[in-house]
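Text of my_file_16.txt, listed as compact mmCIF, N, CA and C atoms:
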```txt
# COMPACT_ATOMS: atom_id res chain seq x y z
N MET A 1 -12.07 37.13 35.50
CA MET A 1 -12.84 36.97 34.28
C MET A 1 -11.90 37.13 33.09
N ASN A 2 -11.96 36.17 32.16
CA ASN A 2 -11.12 36.24 30.97
C ASN A 2 -11.77 37.11 29.91
N THR A 3 -11.01 38.03 29.43
CA THR A 3 -11.47 38.83 28.30
C THR A 3 -10.67 38.41 27.10
N PRO A 4 -11.13 38.73 25.90
CA PRO A 4 -10.37 38.36 24.71
C PRO A 4 -8.93 38.85 24.75
N SER A 5 -8.68 40.01 25.36
CA SER A 5 -7.30 40.52 25.38
C SER A 5 -6.43 39.76 26.37
N ASP A 6 -7.05 39.02 27.33
CA ASP A 6 -6.28 38.24 28.30
C ASP A 6 -5.76 36.93 27.70
N ARG A 7 -6.38 36.45 26.68
CA ARG A 7 -5.98 35.17 26.09
C ARG A 7 -4.68 35.35 25.30
N SER A 8 -3.86 34.32 25.33
CA SER A 8 -2.64 34.40 24.52
C SER A 8 -3.03 34.32 23.05
N ARG A 9 -2.35 35.08 22.27
CA ARG A 9 -2.66 35.12 20.84
C ARG A 9 -1.86 34.04 20.12
N PRO A 10 -2.53 33.30 19.23
CA PRO A 10 -1.80 32.28 18.47
C PRO A 10 -0.89 32.95 17.44
N ASN A 11 0.09 32.19 17.02
CA ASN A 11 0.96 32.70 15.96
C ASN A 11 0.14 32.88 14.70
N PRO A 12 0.34 33.98 13.99
CA PRO A 12 -0.41 34.17 12.74
C PRO A 12 0.06 33.17 11.69
N ILE A 13 -0.84 32.81 10.81
CA ILE A 13 -0.45 31.94 9.70
C ILE A 13 0.19 32.81 8.63
N THR A 14 1.04 32.19 7.84
CA THR A 14 1.71 32.92 6.77
C THR A 14 0.84 32.91 5.52
N ARG A 15 1.17 33.77 4.59
CA ARG A 15 0.43 33.80 3.33
C ARG A 15 0.60 32.46 2.61
N SER A 16 1.82 31.91 2.62
CA SER A 16 2.03 30.64 1.90
C SER A 16 1.22 29.51 2.55
N GLN A 17 1.11 29.51 3.88
CA GLN A 17 0.26 28.52 4.53
C GLN A 17 -1.19 28.71 4.12
N ALA A 18 -1.66 29.94 4.14
CA ALA A 18 -3.04 30.23 3.75
C ALA A 18 -3.31 29.81 2.32
N GLU A 19 -2.36 30.06 1.43
CA GLU A 19 -2.54 29.68 0.02
C GLU A 19 -2.60 28.16 -0.12
N GLU A 20 -1.71 27.46 0.58
CA GLU A 20 -1.72 25.99 0.47
C GLU A 20 -3.00 25.42 1.05
N TRP A 21 -3.39 25.89 2.23
CA TRP A 21 -4.60 25.37 2.85
C TRP A 21 -5.82 25.66 2.01
N ALA A 22 -5.84 26.80 1.34
CA ALA A 22 -6.97 27.13 0.46
C ALA A 22 -7.10 26.10 -0.67
N THR A 23 -5.96 25.62 -1.19
CA THR A 23 -6.04 24.60 -2.23
C THR A 23 -6.60 23.29 -1.67
N TRP A 24 -6.29 23.02 -0.40
CA TRP A 24 -6.83 21.81 0.23
C TRP A 24 -8.34 21.91 0.37
N PHE A 25 -8.82 23.06 0.84
CA PHE A 25 -10.26 23.23 0.98
C PHE A 25 -10.96 23.16 -0.37
N ALA A 26 -10.33 23.73 -1.39
CA ALA A 26 -10.91 23.65 -2.73
C ALA A 26 -10.98 22.20 -3.20
N ALA A 27 -9.95 21.42 -2.87
CA ALA A 27 -9.91 20.01 -3.31
C ALA A 27 -11.04 19.21 -2.70
N ILE A 28 -11.43 19.52 -1.47
CA ILE A 28 -12.52 18.76 -0.87
C ILE A 28 -13.86 19.47 -1.02
N GLY A 29 -13.88 20.49 -1.86
CA GLY A 29 -15.11 21.23 -2.12
C GLY A 29 -16.01 20.58 -3.14
N ASP A 30 -15.67 19.38 -3.56
CA ASP A 30 -16.48 18.67 -4.55
C ASP A 30 -17.04 17.40 -3.90
N PRO A 31 -18.33 17.14 -4.03
CA PRO A 31 -18.92 15.97 -3.37
C PRO A 31 -18.32 14.64 -3.81
N THR A 32 -17.94 14.53 -5.07
CA THR A 32 -17.34 13.27 -5.53
C THR A 32 -16.00 13.04 -4.85
N ARG A 33 -15.24 14.09 -4.66
CA ARG A 33 -13.94 13.95 -3.98
C ARG A 33 -14.14 13.57 -2.52
N VAL A 34 -15.15 14.12 -1.89
CA VAL A 34 -15.45 13.74 -0.51
C VAL A 34 -15.83 12.26 -0.46
N LEU A 35 -16.63 11.81 -1.42
CA LEU A 35 -17.01 10.40 -1.47
C LEU A 35 -15.80 9.50 -1.68
N ILE A 36 -14.90 9.91 -2.55
CA ILE A 36 -13.68 9.13 -2.80
C ILE A 36 -12.86 9.03 -1.53
N LEU A 37 -12.64 10.16 -0.86
CA LEU A 37 -11.87 10.14 0.39
C LEU A 37 -12.54 9.28 1.45
N HIS A 38 -13.85 9.38 1.52
CA HIS A 38 -14.59 8.56 2.49
C HIS A 38 -14.43 7.07 2.17
N LEU A 39 -14.57 6.71 0.92
CA LEU A 39 -14.44 5.31 0.52
C LEU A 39 -13.04 4.79 0.83
N LEU A 40 -12.02 5.52 0.40
CA LEU A 40 -10.65 5.06 0.65
C LEU A 40 -10.32 5.01 2.15
N SER A 41 -10.86 5.95 2.90
CA SER A 41 -10.61 5.97 4.34
C SER A 41 -11.30 4.80 5.05
N THR A 42 -12.53 4.53 4.67
CA THR A 42 -13.26 3.46 5.36
C THR A 42 -12.82 2.08 4.90
N GLU A 43 -12.38 1.95 3.67
CA GLU A 43 -11.88 0.66 3.19
C GLU A 43 -10.51 0.33 3.79
N GLN A 44 -9.75 1.36 4.09
CA GLN A 44 -8.42 1.23 4.70
C GLN A 44 -7.49 0.32 3.89
N ARG A 45 -7.56 0.46 2.59
CA ARG A 45 -6.69 -0.32 1.70
C ARG A 45 -6.61 0.40 0.37
N PRO A 46 -5.55 0.18 -0.38
CA PRO A 46 -5.45 0.76 -1.72
C PRO A 46 -6.52 0.16 -2.64
N MET A 47 -7.02 0.99 -3.53
CA MET A 47 -8.07 0.55 -4.45
C MET A 47 -7.75 1.02 -5.87
N ALA A 48 -8.10 0.20 -6.84
CA ALA A 48 -7.94 0.56 -8.25
C ALA A 48 -9.07 1.50 -8.67
N VAL A 49 -8.83 2.27 -9.72
CA VAL A 49 -9.83 3.20 -10.23
C VAL A 49 -11.12 2.47 -10.60
N GLY A 50 -11.00 1.32 -11.22
CA GLY A 50 -12.19 0.56 -11.61
C GLY A 50 -13.04 0.17 -10.42
N GLU A 51 -12.40 -0.21 -9.33
CA GLU A 51 -13.13 -0.58 -8.12
C GLU A 51 -13.82 0.64 -7.50
N ILE A 52 -13.12 1.76 -7.49
CA ILE A 52 -13.71 3.00 -6.97
C ILE A 52 -14.90 3.40 -7.84
N THR A 53 -14.72 3.30 -9.14
CA THR A 53 -15.79 3.63 -10.09
C THR A 53 -17.03 2.79 -9.83
N ALA A 54 -16.85 1.50 -9.66
CA ALA A 54 -17.98 0.60 -9.43
C ALA A 54 -18.69 0.92 -8.11
N ARG A 55 -17.94 1.28 -7.12
CA ARG A 55 -18.52 1.55 -5.80
C ARG A 55 -19.25 2.89 -5.74
N LEU A 56 -18.79 3.86 -6.52
CA LEU A 56 -19.39 5.20 -6.45
C LEU A 56 -20.36 5.48 -7.59
N ASP A 57 -20.46 4.58 -8.54
CA ASP A 57 -21.38 4.74 -9.66
C ASP A 57 -21.17 6.08 -10.38
N VAL A 58 -19.90 6.35 -10.64
CA VAL A 58 -19.48 7.55 -11.39
C VAL A 58 -18.55 7.06 -12.48
N GLY A 59 -18.51 7.74 -13.61
CA GLY A 59 -17.66 7.33 -14.72
C GLY A 59 -16.19 7.27 -14.38
N GLN A 60 -15.48 6.36 -15.03
CA GLN A 60 -14.06 6.16 -14.75
C GLN A 60 -13.23 7.41 -15.02
N SER A 61 -13.52 8.11 -16.10
CA SER A 61 -12.74 9.33 -16.38
C SER A 61 -12.99 10.40 -15.32
N THR A 62 -14.20 10.45 -14.79
CA THR A 62 -14.52 11.39 -13.72
C THR A 62 -13.75 11.04 -12.45
N ILE A 63 -13.75 9.75 -12.10
CA ILE A 63 -13.01 9.30 -10.92
C ILE A 63 -11.52 9.61 -11.09
N SER A 64 -10.97 9.31 -12.26
CA SER A 64 -9.54 9.58 -12.51
C SER A 64 -9.23 11.06 -12.36
N HIS A 65 -10.11 11.90 -12.89
CA HIS A 65 -9.93 13.35 -12.78
C HIS A 65 -9.90 13.78 -11.31
N HIS A 66 -10.84 13.29 -10.53
CA HIS A 66 -10.92 13.67 -9.12
C HIS A 66 -9.75 13.11 -8.31
N LEU A 67 -9.31 11.91 -8.62
CA LEU A 67 -8.13 11.35 -7.95
C LEU A 67 -6.90 12.21 -8.23
N ALA A 68 -6.77 12.68 -9.46
CA ALA A 68 -5.64 13.54 -9.81
C ALA A 68 -5.68 14.84 -9.00
N LYS A 69 -6.86 15.41 -8.84
CA LYS A 69 -7.00 16.64 -8.05
C LYS A 69 -6.65 16.39 -6.59
N LEU A 70 -7.09 15.26 -6.05
CA LEU A 70 -6.76 14.92 -4.66
C LEU A 70 -5.27 14.63 -4.50
N ALA A 71 -4.67 14.05 -5.51
CA ALA A 71 -3.23 13.76 -5.47
C ALA A 71 -2.40 15.04 -5.52
N GLU A 72 -2.89 16.06 -6.24
CA GLU A 72 -2.17 17.34 -6.32
C GLU A 72 -1.94 17.95 -4.94
N VAL A 73 -2.89 17.74 -4.04
CA VAL A 73 -2.77 18.31 -2.69
C VAL A 73 -2.37 17.24 -1.67
N ARG A 74 -1.97 16.09 -2.17
CA ARG A 74 -1.44 14.99 -1.35
C ARG A 74 -2.44 14.34 -0.41
N PHE A 75 -3.74 14.46 -0.68
CA PHE A 75 -4.74 13.76 0.13
C PHE A 75 -4.73 12.27 -0.20
N VAL A 76 -4.40 11.94 -1.45
CA VAL A 76 -4.29 10.54 -1.84
C VAL A 76 -2.92 10.30 -2.47
N LEU A 77 -2.49 9.06 -2.36
CA LEU A 77 -1.22 8.64 -2.94
C LEU A 77 -1.50 7.47 -3.87
N VAL A 78 -0.64 7.31 -4.86
CA VAL A 78 -0.82 6.20 -5.80
C VAL A 78 0.39 5.27 -5.71
N ASP A 79 0.09 3.99 -5.69
CA ASP A 79 1.13 2.96 -5.73
C ASP A 79 1.03 2.28 -7.08
N ARG A 80 2.11 2.28 -7.83
CA ARG A 80 2.13 1.62 -9.14
C ARG A 80 2.57 0.17 -8.93
N VAL A 81 1.74 -0.75 -9.34
CA VAL A 81 2.03 -2.18 -9.23
C VAL A 81 1.86 -2.76 -10.63
N ALA A 82 3.00 -3.09 -11.26
CA ALA A 82 3.00 -3.56 -12.66
C ALA A 82 2.30 -2.50 -13.51
N THR A 83 1.18 -2.84 -14.13
CA THR A 83 0.46 -1.88 -14.96
C THR A 83 -0.74 -1.27 -14.24
N SER A 84 -0.89 -1.59 -12.97
CA SER A 84 -2.03 -1.08 -12.20
C SER A 84 -1.62 0.10 -11.33
N SER A 85 -2.59 0.93 -11.04
CA SER A 85 -2.43 2.04 -10.10
C SER A 85 -3.40 1.82 -8.96
N LEU A 86 -2.86 1.75 -7.76
CA LEU A 86 -3.70 1.57 -6.58
C LEU A 86 -3.65 2.85 -5.75
N TRP A 87 -4.84 3.38 -5.48
CA TRP A 87 -4.96 4.65 -4.79
C TRP A 87 -5.26 4.41 -3.31
N ARG A 88 -4.63 5.23 -2.47
CA ARG A 88 -4.86 5.13 -1.03
C ARG A 88 -4.82 6.52 -0.42
N VAL A 89 -5.43 6.62 0.73
CA VAL A 89 -5.44 7.88 1.47
C VAL A 89 -4.06 8.15 2.04
N ASN A 90 -3.65 9.39 2.02
CA ASN A 90 -2.43 9.81 2.70
C ASN A 90 -2.82 10.04 4.16
N ASP A 91 -2.61 9.02 4.98
CA ASP A 91 -3.05 9.08 6.38
C ASP A 91 -2.50 10.28 7.13
N ILE A 92 -1.27 10.66 6.84
CA ILE A 92 -0.66 11.79 7.55
C ILE A 92 -1.46 13.07 7.29
N CYS A 93 -1.77 13.33 6.02
CA CYS A 93 -2.51 14.55 5.70
C CYS A 93 -3.90 14.56 6.33
N LEU A 94 -4.63 13.48 6.16
CA LEU A 94 -6.00 13.48 6.64
C LEU A 94 -6.10 13.41 8.16
N ARG A 95 -5.18 12.72 8.78
CA ARG A 95 -5.21 12.61 10.24
C ARG A 95 -4.94 13.97 10.89
N CYS A 96 -4.11 14.77 10.26
CA CYS A 96 -3.71 16.05 10.85
C CYS A 96 -4.41 17.25 10.23
N PHE A 97 -5.26 17.03 9.25
CA PHE A 97 -5.90 18.13 8.54
C PHE A 97 -6.81 18.91 9.49
N PRO A 98 -6.54 20.18 9.65
CA PRO A 98 -7.37 20.97 10.57
C PRO A 98 -8.70 21.35 9.91
N THR A 99 -9.66 21.60 10.73
CA THR A 99 -10.93 22.08 10.20
C THR A 99 -10.78 23.55 9.84
N ALA A 100 -11.65 23.99 8.98
CA ALA A 100 -11.62 25.41 8.58
C ALA A 100 -11.76 26.31 9.80
N ALA A 101 -12.60 25.93 10.73
CA ALA A 101 -12.80 26.75 11.93
C ALA A 101 -11.51 26.86 12.76
N GLU A 102 -10.76 25.76 12.86
CA GLU A 102 -9.52 25.80 13.63
C GLU A 102 -8.53 26.79 13.02
N ILE A 103 -8.43 26.80 11.71
CA ILE A 103 -7.51 27.72 11.06
C ILE A 103 -7.95 29.17 11.27
N VAL A 104 -9.23 29.41 11.02
CA VAL A 104 -9.74 30.77 11.16
C VAL A 104 -9.61 31.26 12.61
N MET A 105 -9.81 30.37 13.56
CA MET A 105 -9.77 30.74 14.97
C MET A 105 -8.35 30.73 15.54
N GLY A 106 -7.37 30.34 14.73
CA GLY A 106 -5.99 30.33 15.20
C GLY A 106 -5.67 29.16 16.10
N GLN A 107 -6.40 28.07 15.94
CA GLN A 107 -6.19 26.90 16.79
C GLN A 107 -5.61 25.74 16.00
N VAL A 108 -4.61 26.02 15.18
CA VAL A 108 -4.00 24.99 14.36
C VAL A 108 -3.16 24.08 15.25
N ASN A 109 -3.42 22.79 15.16
CA ASN A 109 -2.76 21.78 15.96
C ASN A 109 -1.28 21.70 15.58
N SER A 110 -0.39 21.65 16.57
CA SER A 110 1.04 21.57 16.29
C SER A 110 1.39 20.28 15.54
N LYS A 111 0.63 19.21 15.77
CA LYS A 111 0.85 17.96 15.03
C LYS A 111 0.64 18.19 13.54
N PHE A 112 -0.31 19.04 13.21
CA PHE A 112 -0.58 19.36 11.81
C PHE A 112 0.62 20.06 11.19
N ILE A 113 1.18 21.04 11.89
CA ILE A 113 2.34 21.78 11.37
C ILE A 113 3.51 20.82 11.18
N ASP A 114 3.75 19.94 12.16
CA ASP A 114 4.84 18.97 12.06
C ASP A 114 4.64 18.04 10.87
N ALA A 115 3.42 17.55 10.68
CA ALA A 115 3.13 16.65 9.57
C ALA A 115 3.27 17.39 8.24
N LEU A 116 2.85 18.62 8.19
CA LEU A 116 2.98 19.41 6.96
C LEU A 116 4.45 19.55 6.58
N GLU A 117 5.29 19.83 7.55
CA GLU A 117 6.71 19.97 7.28
C GLU A 117 7.30 18.67 6.78
N LYS A 118 6.84 17.52 7.29
CA LYS A 118 7.32 16.21 6.84
C LYS A 118 6.90 15.93 5.41
N THR A 119 5.65 16.28 5.05
CA THR A 119 5.18 15.98 3.69
C THR A 119 5.78 16.94 2.67
N ASN A 120 6.17 18.14 3.10
CA ASN A 120 6.79 19.10 2.19
C ASN A 120 8.30 18.91 2.09
N GLY A 121 8.88 18.17 3.07
CA GLY A 121 10.32 17.98 3.14
C GLY A 121 10.85 17.21 2.02
```

Kindly transcribe the structure held in the file into structure tokens.
Amino acid sequence: MNTPSDRSRPNPITRSQAEEWATWFAAIGDPTRVLILHLLSTEQRPMAVGEITARLDVGQSTISHHLAKLAEVRFVLVDRVATSSLWRVNDICLRCFPTAAEIVMGQVNSKFIDALEKTNG
């Protein structure tokens, strides 16, 4: 019979990891940001702010503000093309982003740690 003490203990997360991950959770703590991420993920292509605005029926300045917040934590990336800005999902971050439960339970995927090191490198 397995008891909690029989299970191998995961490596503890560091304070800096906890602080960074907390900013990620805060970034997706807004419904408009979740909608933006969902739209960009399902469209699977870069989109201009005006197109995102039209699809989400939210003001352009609001969309720009939320895109900036998502960009701060690298969930979205911007490609500058002439005078346009095209926003896209950072596939590496979102593909490897652990759920809150995984972090709390100590079940952080090693692929996530590897991807984090690549994006911070």

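Take atom CA of Gln44 of chain A and atom CA of Arg88 of chain A: the distance between them is 7.8 Å.
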
Neighbour list for Ile52 of chain A as a ChimeraX atom specification, cut-off 8 Å, only N, CA and C atoms, skip fewer than 5 positions in-chain: /A:36,39-40,47,57-60,63

Quick one: pull the distance between atom C of Ala54 of chain A and atom C of Ala22 of chain A, Å, one decimal.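 Distance reported for this atom pair: 28.7 Å.
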
Report, in Å with one decimal, the straight-line distance from atom CA of Ala48 of chain A to atom CA of Glu20 of chain A. 27.6 Å

Closest to Gly29 of chain A among A:Leu70, A:Ile13, A:Ile92, A:Val78, using only C-alpha atoms?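 Result for the nearest residue to Gly29 of chain A: A:Leu70.
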
I want to know what sits within 8 Å of Thr32 of chain A, based on all atoms listed in the file, with residues of the same chain fewer than 6 positions away left out; could you give that as a PyMOL selection string? chain A and resi 38+63+66-67
